[in-house]
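This is entry.txt (compact mmCIF, C-alpha atoms).
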# COMPACT_ATOMS: atom_id res chain seq x y z
CA MET S 268 29.28 -70.99 -15.72
CA ALA S 269 30.00 -67.26 -15.82
CA ASP S 270 27.48 -66.78 -18.62
CA ARG S 271 24.77 -68.64 -16.69
CA GLU S 272 25.42 -66.48 -13.61
CA ALA S 273 25.11 -63.34 -15.72
CA VAL S 274 21.75 -64.48 -17.12
CA ASN S 275 20.48 -65.74 -13.76
CA PRO S 276 21.99 -63.55 -11.03
CA PRO S 277 21.70 -64.87 -7.48
CA ARG S 278 18.49 -63.93 -5.69
CA THR S 279 18.76 -61.42 -2.89
CA ASP S 280 16.25 -60.49 -0.24
CA ALA S 281 14.89 -56.93 -0.17
CA ARG S 282 16.48 -54.96 2.60
CA ARG S 283 16.24 -51.50 4.06
CA HIS S 284 18.88 -49.12 2.74
CA HIS S 285 18.21 -46.15 5.01
CA ASP S 286 17.67 -45.25 8.62
CA PRO S 287 13.92 -44.57 9.04
CA GLU S 288 14.63 -42.42 12.09
CA VAL S 289 16.54 -39.84 10.03
CA ARG S 290 14.51 -36.80 9.00
CA GLY S 291 15.59 -33.53 7.46
CA PHE S 292 14.09 -30.22 6.44
CA ALA S 293 14.92 -30.23 2.73
CA SER S 294 11.50 -31.01 1.27
CA ASP S 295 8.13 -32.50 2.11
CA ASN S 296 8.84 -34.76 -0.87
CA TYR S 297 11.44 -36.52 1.28
CA ALA S 298 8.74 -37.98 3.55
CA GLY S 299 7.41 -41.46 2.96
CA ALA S 300 3.78 -42.32 2.37
CA HIS S 301 1.27 -42.11 5.18
CA PRO S 302 0.34 -45.55 6.62
CA GLU S 303 -3.33 -44.98 5.78
CA VAL S 304 -2.38 -44.36 2.16
CA LEU S 305 -0.29 -47.53 2.07
CA ALA S 306 -3.23 -49.45 3.53
CA ALA S 307 -5.49 -48.08 0.81
CA LEU S 308 -3.01 -49.19 -1.87
CA ALA S 309 -3.02 -52.71 -0.44
CA LEU S 310 -6.83 -52.70 -0.42
CA ALA S 311 -6.94 -51.74 -4.10
CA ASN S 312 -4.34 -54.31 -5.10
CA GLY S 313 -6.44 -57.48 -5.18
CA GLY S 314 -7.86 -58.90 -8.37
CA HIS S 315 -8.29 -57.18 -11.72
CA GLN S 316 -9.72 -53.75 -12.46
CA VAL S 317 -10.27 -52.08 -15.81
CA ALA S 318 -7.24 -50.05 -16.91
CA TYR S 319 -6.81 -46.40 -17.89
CA GLY S 320 -9.25 -44.95 -15.38
CA GLU S 321 -12.31 -47.12 -15.97
CA ASP S 322 -11.91 -48.67 -12.52
CA ALA S 323 -14.10 -48.44 -9.44
CA TYR S 324 -11.57 -46.36 -7.48
CA THR S 325 -11.30 -43.62 -10.09
CA GLU S 326 -15.08 -43.57 -10.42
CA ASN S 327 -15.50 -43.11 -6.67
CA LEU S 328 -12.78 -40.46 -6.61
CA GLN S 329 -15.03 -38.26 -8.76
CA GLN S 330 -17.65 -38.21 -6.00
CA VAL S 331 -15.02 -37.36 -3.42
CA ILE S 332 -13.69 -34.52 -5.58
CA ARG S 333 -17.19 -33.11 -6.06
CA SER S 334 -17.74 -33.11 -2.31
CA HIS S 335 -14.78 -30.72 -2.03
CA PHE S 336 -15.05 -28.69 -5.25
CA GLY S 337 -18.70 -28.67 -6.26
CA PRO S 338 -21.03 -30.79 -8.41
CA THR S 339 -19.43 -29.97 -11.76
CA ALA S 340 -15.81 -30.74 -10.78
CA GLU S 341 -14.00 -33.55 -12.55
CA ALA S 342 -10.62 -35.04 -11.61
CA PHE S 343 -8.04 -36.36 -14.04
CA PRO S 344 -5.38 -38.27 -12.05
CA VAL S 345 -1.79 -37.92 -13.28
CA PHE S 346 1.64 -39.12 -12.20
CA ASN S 347 3.24 -35.95 -10.83
CA GLY S 348 2.96 -32.24 -10.20
CA THR S 349 4.85 -31.05 -13.26
CA GLY S 350 2.65 -33.27 -15.40
CA ALA S 351 -0.46 -31.86 -13.75
CA ASN S 352 0.64 -28.29 -14.42
CA VAL S 353 1.64 -28.94 -18.03
CA VAL S 354 -1.62 -30.75 -18.81
CA ALA S 355 -3.74 -28.12 -17.06
CA LEU S 356 -2.06 -25.16 -18.75
CA GLN S 357 -2.25 -26.80 -22.17
CA ALA S 358 -5.98 -27.22 -21.65
CA VAL S 359 -6.55 -23.46 -21.38
CA THR S 360 -4.09 -22.05 -23.93
CA ASP S 361 -3.88 -21.92 -27.68
CA ARG S 362 -0.61 -22.57 -29.52
CA TRP S 363 0.08 -18.83 -29.39
CA GLY S 364 -1.00 -18.49 -25.76
CA ALA S 365 0.92 -17.36 -22.70
CA VAL S 366 0.58 -17.80 -18.95
CA ILE S 367 1.15 -14.99 -16.44
CA CYS S 368 2.79 -16.19 -13.23
CA ALA S 369 5.00 -15.02 -10.39
CA GLU S 370 8.70 -15.01 -11.14
CA SER S 371 9.19 -17.40 -8.20
CA ALA S 372 6.47 -19.80 -9.40
CA HIS S 373 7.25 -23.49 -9.54
CA ILE S 374 6.23 -23.64 -13.20
CA ASN S 375 8.92 -21.05 -13.95
CA VAL S 376 11.74 -22.06 -11.60
CA ASP S 377 11.50 -25.76 -10.79
CA GLU S 378 9.96 -27.63 -13.70
CA GLY S 379 12.96 -27.78 -16.02
CA GLY S 380 11.25 -25.67 -18.67
CA ALA S 381 8.53 -28.31 -19.12
CA PRO S 382 5.61 -25.87 -19.52
CA GLU S 383 7.48 -24.11 -22.32
CA ARG S 384 9.37 -27.00 -23.91
CA VAL S 385 6.76 -29.75 -23.54
CA GLY S 386 3.59 -27.70 -23.26
CA GLY S 387 4.65 -25.12 -25.83
CA ILE S 388 3.45 -22.32 -23.54
CA LYS S 389 5.16 -18.97 -23.09
CA LEU S 390 5.48 -17.94 -19.44
CA LEU S 391 5.18 -14.22 -18.71
CA THR S 392 6.69 -13.70 -15.26
CA VAL S 393 6.18 -10.92 -12.72
CA PRO S 394 8.49 -10.18 -9.76
CA THR S 395 6.59 -10.32 -6.46
CA PRO S 396 7.72 -9.36 -2.95
CA ASP S 397 6.10 -12.38 -1.29
CA GLY S 398 5.35 -14.85 -4.09
CA LYS S 399 1.76 -13.61 -4.47
CA LEU S 400 0.21 -12.06 -7.56
CA THR S 401 -2.22 -9.15 -7.42
CA PRO S 402 -4.39 -7.60 -10.16
CA GLU S 403 -1.91 -4.72 -10.35
CA LEU S 404 1.05 -7.07 -10.77
CA ILE S 405 -0.83 -9.12 -13.37
CA ASP S 406 -1.35 -5.94 -15.41
CA ARG S 407 2.40 -5.69 -15.94
CA GLN S 408 2.02 -8.58 -18.41
CA ALA S 409 -1.69 -8.45 -19.27
CA TYR S 410 -1.58 -6.58 -22.55
CA GLY S 411 -1.00 -7.02 -26.27
CA TRP S 412 -3.79 -9.43 -27.11
CA ASP S 413 -3.96 -8.13 -30.67
CA ASP S 414 -0.20 -7.89 -31.13
CA GLU S 415 0.91 -10.81 -33.30
CA HIS S 416 4.52 -10.20 -32.21
CA ARG S 417 3.73 -11.07 -28.61
CA ALA S 418 2.48 -14.30 -27.05
CA MET S 419 -1.15 -13.78 -26.06
CA PRO S 420 -1.88 -13.73 -22.31
CA GLN S 421 -4.64 -16.30 -21.81
CA VAL S 422 -4.14 -17.64 -18.28
CA VAL S 423 -3.12 -16.45 -14.85
CA SER S 424 -1.44 -19.20 -12.81
CA LEU S 425 -1.02 -18.77 -9.08
CA ALA S 426 0.35 -21.18 -6.48
CA GLN S 427 -1.55 -21.88 -3.27
CA ALA S 428 0.48 -22.02 -1.06
CA THR S 429 3.18 -20.08 -2.92
CA GLU S 430 6.77 -21.13 -3.41
CA LEU S 431 7.69 -18.70 -0.63
CA GLY S 432 5.32 -20.33 1.84
CA THR S 433 2.74 -17.55 1.77
CA VAL S 434 -1.00 -18.10 1.39
CA TYR S 435 -3.64 -16.21 -0.59
CA THR S 436 -6.88 -15.32 1.18
CA PRO S 437 -10.14 -16.21 -0.59
CA ASP S 438 -10.74 -12.50 -1.25
CA GLU S 439 -7.31 -12.14 -2.87
CA ILE S 440 -8.01 -15.05 -5.22
CA ARG S 441 -11.50 -13.71 -5.96
CA ALA S 442 -10.00 -10.36 -6.97
CA ILE S 443 -7.51 -12.11 -9.27
CA CYS S 444 -10.24 -14.23 -10.87
CA GLU S 445 -12.52 -11.25 -11.47
CA HIS S 446 -9.64 -9.28 -12.95
CA ALA S 447 -8.45 -12.14 -15.16
CA HIS S 448 -11.93 -13.03 -16.38
CA ALA S 449 -12.60 -9.39 -17.24
CA HIS S 450 -9.64 -9.65 -19.62
CA GLY S 451 -10.88 -12.96 -21.06
CA MET S 452 -8.23 -14.98 -19.22
CA LYS S 453 -8.73 -18.13 -17.16
CA VAL S 454 -7.24 -18.83 -13.73
CA HIS S 455 -5.21 -21.90 -12.84
CA VAL S 456 -4.08 -22.78 -9.33
CA ASP S 457 -0.94 -24.82 -8.77
CA GLY S 458 -2.14 -26.63 -5.66
CA SER S 459 0.75 -28.92 -4.81
CA ARG S 460 0.32 -27.65 -1.22
CA LEU S 461 -3.36 -26.76 -1.46
CA ALA S 462 -4.06 -28.72 1.72
CA ASN S 463 -1.54 -26.65 3.67
CA ALA S 464 -3.24 -23.47 2.51
CA ALA S 465 -6.68 -24.75 3.56
CA ALA S 466 -5.30 -25.76 6.95
CA THR S 467 -3.86 -22.27 7.47
CA LEU S 468 -7.05 -20.52 6.39
CA ASP S 469 -9.22 -23.05 8.27
CA VAL S 470 -11.73 -23.17 5.42
CA PRO S 471 -12.94 -25.88 3.00
CA LEU S 472 -11.03 -26.29 -0.25
CA ARG S 473 -13.94 -24.89 -2.26
CA THR S 474 -13.80 -21.57 -0.41
CA PHE S 475 -10.76 -20.37 -2.33
CA THR S 476 -11.17 -22.35 -5.56
CA ASN S 477 -14.51 -22.87 -7.32
CA ALA S 478 -16.37 -20.52 -4.95
CA VAL S 479 -14.22 -17.55 -6.00
CA GLY S 480 -13.95 -18.27 -9.72
CA VAL S 481 -10.92 -20.54 -10.25
CA ASP S 482 -11.27 -22.46 -13.54
CA LEU S 483 -8.99 -25.42 -12.91
CA LEU S 484 -6.28 -26.55 -10.55
CA SER S 485 -3.46 -29.00 -10.05
CA LEU S 486 -4.29 -30.93 -6.89
CA GLY S 487 -1.30 -32.19 -4.91
CA GLY S 488 -1.08 -35.59 -3.26
CA THR S 489 2.60 -36.40 -2.96
CA LYS S 490 3.52 -33.60 -0.55
CA ASN S 491 0.46 -34.41 1.54
CA GLY S 492 1.26 -38.06 2.27
CA ALA S 493 0.74 -39.93 -1.00
CA LEU S 494 3.30 -42.30 -2.47
CA PHE S 495 2.91 -40.63 -5.86
CA GLY S 496 0.14 -39.03 -7.86
CA GLU S 497 -1.67 -35.74 -8.35
CA ALA S 498 -4.75 -34.72 -10.31
CA VAL S 499 -5.90 -31.99 -12.65
CA VAL S 500 -9.28 -30.85 -11.34
CA VAL S 501 -11.46 -29.11 -13.90
CA LEU S 502 -13.98 -26.82 -12.19
CA ASP S 503 -15.58 -25.48 -15.37
CA PRO S 504 -16.13 -28.47 -17.69
CA ASP S 505 -18.14 -26.38 -20.16
CA GLY S 506 -15.15 -24.12 -20.80
CA ILE S 507 -12.38 -26.73 -20.67
CA LYS S 508 -12.62 -29.75 -22.95
CA HIS S 509 -10.49 -32.59 -24.35
CA MET S 510 -8.70 -33.24 -21.05
CA LYS S 511 -8.58 -36.99 -21.68
CA HIS S 512 -6.74 -36.44 -24.95
CA LEU S 513 -4.33 -33.92 -23.45
CA ARG S 514 -3.50 -36.20 -20.54
CA LYS S 515 -2.66 -39.09 -22.89
CA LEU S 516 -0.76 -36.84 -25.30
CA SER S 517 1.32 -35.56 -22.37
CA MET S 518 2.21 -39.10 -21.22
CA GLN S 519 0.33 -38.67 -17.93
CA LEU S 520 -2.30 -41.41 -18.39
CA ALA S 521 -1.64 -44.23 -15.91
CA SER S 522 -2.69 -47.65 -17.09
CA LYS S 523 -3.17 -48.87 -13.51
CA MET S 524 -4.86 -45.65 -12.52
CA ARG S 525 -6.61 -47.20 -9.53
CA PHE S 526 -3.33 -46.91 -7.62
CA VAL S 527 -3.25 -43.14 -8.12
CA SER S 528 -6.96 -42.67 -7.48
CA VAL S 529 -7.12 -44.73 -4.31
CA GLN S 530 -4.37 -42.63 -2.73
CA LEU S 531 -6.22 -39.40 -3.43
CA GLU S 532 -9.40 -41.05 -2.15
CA ALA S 533 -7.63 -42.08 1.06
CA LEU S 534 -6.45 -38.51 1.61
CA LEU S 535 -9.64 -36.69 0.66
CA ALA S 536 -12.57 -38.95 1.53
CA ARG S 537 -12.27 -38.12 5.22
CA ASP S 538 -9.87 -35.76 6.94
CA LEU S 539 -6.44 -37.30 6.39
CA TRP S 540 -5.45 -34.52 3.97
CA LEU S 541 -6.29 -31.93 6.63
CA ARG S 542 -4.66 -33.78 9.51
CA ASN S 543 -1.45 -34.14 7.55
CA ALA S 544 -1.41 -30.50 6.44
CA ARG S 545 -2.23 -29.13 9.87
CA HIS S 546 0.55 -31.13 11.46
CA ALA S 547 3.12 -30.01 8.87
CA ASN S 548 2.04 -26.39 9.34
CA GLU S 549 2.22 -26.68 13.13
CA MET S 550 5.74 -28.05 12.91
CA ALA S 551 6.75 -25.11 10.70
CA GLN S 552 5.33 -22.71 13.28
CA ARG S 553 7.26 -24.50 16.03
CA LEU S 554 10.41 -24.27 13.93
CA ALA S 555 9.88 -20.57 13.25
CA GLU S 556 9.33 -19.84 16.95
CA GLY S 557 12.54 -21.64 17.84
CA VAL S 558 14.53 -19.90 15.11
CA ARG S 559 13.31 -16.44 16.10
CA ALA S 560 15.04 -16.90 19.44
CA VAL S 561 18.43 -17.45 17.77
CA HIS S 562 20.40 -14.22 17.48
CA GLY S 563 21.74 -13.60 13.98
CA VAL S 564 19.04 -15.59 12.12
CA GLU S 565 16.41 -13.69 10.14
CA ILE S 566 13.09 -15.17 8.99
CA LEU S 567 12.40 -13.77 5.54
CA TYR S 568 8.67 -14.32 4.88
CA PRO S 569 5.52 -14.87 6.91
CA VAL S 570 5.31 -18.56 7.92
CA GLN S 571 1.82 -19.42 6.68
CA ALA S 572 2.16 -23.01 5.49
CA ASN S 573 4.84 -25.65 6.07
CA ALA S 574 7.92 -23.68 4.95
CA VAL S 575 10.35 -21.46 6.82
CA PHE S 576 12.71 -19.21 4.83
CA ALA S 577 15.65 -17.77 6.72
CA ARG S 578 18.91 -15.89 6.26
CA LEU S 579 21.99 -16.82 8.26
CA PRO S 580 25.77 -16.94 7.79
CA HIS S 581 26.79 -19.16 4.89
CA ASP S 582 29.35 -21.14 6.89
CA VAL S 583 26.77 -21.90 9.57
CA SER S 584 24.41 -23.32 6.96
CA GLU S 585 27.15 -25.48 5.48
CA ARG S 586 27.99 -26.95 8.88
CA LEU S 587 24.34 -27.44 9.73
CA GLN S 588 23.73 -29.24 6.43
CA LYS S 589 26.13 -31.94 7.57
CA ARG S 590 23.75 -32.66 10.45
CA PHE S 591 20.36 -32.05 8.78
CA ARG S 592 19.49 -32.04 5.08
CA PHE S 593 18.12 -28.76 3.67
CA TYR S 594 18.69 -26.53 0.66
CA PHE S 595 19.94 -23.05 -0.02
CA TRP S 596 17.27 -20.87 -1.61
CA ASP S 597 19.64 -18.05 -2.59
CA GLU S 598 23.15 -19.17 -1.72
CA ALA S 599 24.77 -15.84 -2.55
CA ALA S 600 22.52 -14.06 -0.05
CA GLY S 601 22.72 -16.85 2.54
CA ASP S 602 19.00 -17.63 2.23
CA VAL S 603 17.81 -21.14 3.06
CA ARG S 604 14.52 -23.02 3.02
CA TRP S 605 13.39 -25.42 5.74
CA MET S 606 10.37 -27.61 5.00
CA CYS S 607 8.22 -29.62 7.40
CA ALA S 608 6.20 -32.69 6.44
CA PHE S 609 3.29 -34.72 7.81
CA ASP S 610 5.74 -36.94 9.70
CA THR S 611 7.98 -34.21 11.13
CA THR S 612 7.98 -34.53 14.92
CA GLU S 613 8.37 -32.00 17.69
CA ASP S 614 11.62 -33.74 18.62
CA ASP S 615 12.87 -33.33 15.02
CA VAL S 616 12.24 -29.60 15.23
CA ASP S 617 13.73 -29.19 18.69
CA ARG S 618 16.89 -31.09 17.77
CA PHE S 619 17.29 -28.96 14.66
CA VAL S 620 16.87 -25.70 16.59
CA ALA S 621 19.38 -26.91 19.19
CA ALA S 622 21.85 -27.75 16.42
CA LEU S 623 21.33 -24.33 14.83
CA LYS S 624 22.07 -22.63 18.16
CA GLU S 625 25.24 -24.69 18.54
CA GLU S 626 26.49 -23.80 15.07
CA MET S 627 25.66 -20.11 15.48
CA ALA S 628 27.62 -20.05 18.72
CA ARG S 629 30.78 -21.50 17.14

Just dump the structure as structure tokens.
Amino acid sequence: MADREAVNPPRTDARRHHDPEVRGFASDNYAGAHPEVLAALALANGGHQVAYGEDAYTENLQQVIRSHFGPTAEAFPVFNGTGANVVALQAVTDRWGAVICAESAHINVDEGGAPERVGGIKLLTVPTPDGKLTPELIDRQAYGWDDEHRAMPQVVSLAQATELGTVYTPDEIRAICEHAHAHGMKVHVDGSRLANAAATLDVPLRTFTNAVGVDLLSLGGTKNGALFGEAVVVLDPDGIKHMKHLRKLSMQLASKMRFVSVQLEALLARDLWLRNARHANEMAQRLAEGVRAVHGVEILYPVQANAVFARLPHDVSERLQKRFRFYFWDEAAGDVRWMCAFDTTEDDVDRFVAALKEEMAR
């Protein structure tokens, strides 16, 4: 009897294991999927579709991508952001190649060494005051192309928005692209929060990507309301080849790719991507305004996307973390990061600010 029960465990009904009213400020990854994205997934679920990207949804996604990034753009859906970055950077480096990036860049700090260990790419980092590269900062690592003792700089990778919540202007990215291309390097954009940057700048996505010389980018979906899934978007197909092979080699080829593609289509075909990003940004601005009124709390960087970085007493943060989830950014300095998402509400922000005031007053 015991053996039969082990082989055939009793059936249980699915049940909710969390309180859907609880929201924190730890990460926009904590948010669920937008209802319109879930509806799109259900729409794509019926019947059979060809696997590995030969489906109708992935085909239509290409038209949607071209409407945002120009007639030569091509999207390669992948599972996640780290995968997108590793695949993209492999596509524009040789085995001896290196990537110049900000010291605070996600590819350097938060991807577990994947670009270097999995992609085999040397990262050449540059300290930045606000997370943003400049031509002058790039030149700190842009040298030694003929030195066989040094990894060869072949790519500049910038994040838009940056890991510090700051946003490049189109002119700033244009200057980086012109400078990088003059040195024979390509430019990659880590766009996990590309939508938030576009919402802040109030310009189309193309304005600060293909229109200013970016060669390829990692396009975020998860932080913008998708259940999962990102894409590598190649803007210069003549200069970047073999993406299909690299995606498969990097274990980022989804067999049921329609379920990644339809989410990106749901976000990008109309204005859902922009609505979600604008709302998240507005909530970050509301949070920053509330925090500025609290004596003893310092906002560290310009609030230009959906992140607020602040410095406050360590013990206050620890008490506040018991009421709302968020992370330390630099625990020794007392720096924290508060993130807003597409489903953050005004009430969420106001309750958090009220709790912060209470803890600061203790």

Problem set entry | Long-range neighbours of Ser528 in chain S as a VMD selection string, 6 Å cut-off, all atoms listed in the file, 3 positions minimum in chain | chain S and resid 324 to 325 525 531

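When only C-alpha atoms are used to measure the gap to Asn296 in chain S, the shortest distance among S:Lys490, S:His455, S:His373, S:His448 belongs to S:Lys490.
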
Exercise. Do you know which residues are at most 12 Å from Ile332 in chain S counting only C-alpha atoms, after dropping those on the same chain fewer than 5 positions away, and could you put them as a VMD selection string?
Worked result: chain S and resid 325 to 327 337 to 344 472 to 473 477 484 486 498 to 502 528 531 to 537

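The shortest atom-to-atom distance to Lys453 in chain S, with only C-alpha atoms taken into account, belongs to S:Ala355 out of S:Leu520, S:Val470, S:Leu391, S:Ala355.
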
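Put simply, CA of Gly557 in chain S is 17.7 Å away from CA of Gln588 in chain S.
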
Exercise. How many Å separate CA of Asn347 in chain S from CA of Ala298 in chain S?
Worked result: 15.5 Å

For this session: Find the spatial neighbours of Lys508 in chain S, counting all atoms listed in the file, within a cut-off of 9 Å - ignore same-chain residues fewer than 4 positions away - and output them as a ChimeraX atom specification.
Result: /S:358-359,504

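Across the structure, CA of Ile566 in chain S and CA of Arg460 in chain S are spaced 20.6 Å apart.
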
For this session: Give as a PyMOL selection string the set of residues within 8 Å of the point (0.8, -20.7, -2.3), where distances use the file's coordinates and only C-alpha atoms.
Result: chain S and resi 398-399+425-435+457-458+460-461+464

Exercise. Near range 591-594 of chain S, within 6 Å and counting all atoms listed in the file, which residues show up once chain neighbours fewer than 6 positions away are dropped, as a PyMOL selection string?
Worked result: chain S and resi 291-293+603-604

For this session: Considering all atoms listed in the file, return as number ranges by chain whatever protein or nucleic-acid residues lie within 9 Å of Phe346 in chain S, sequence-local ones (same chain, fewer than 5 positions apart) excluded.
Result: S: 351, 495-498, 519-521, 527
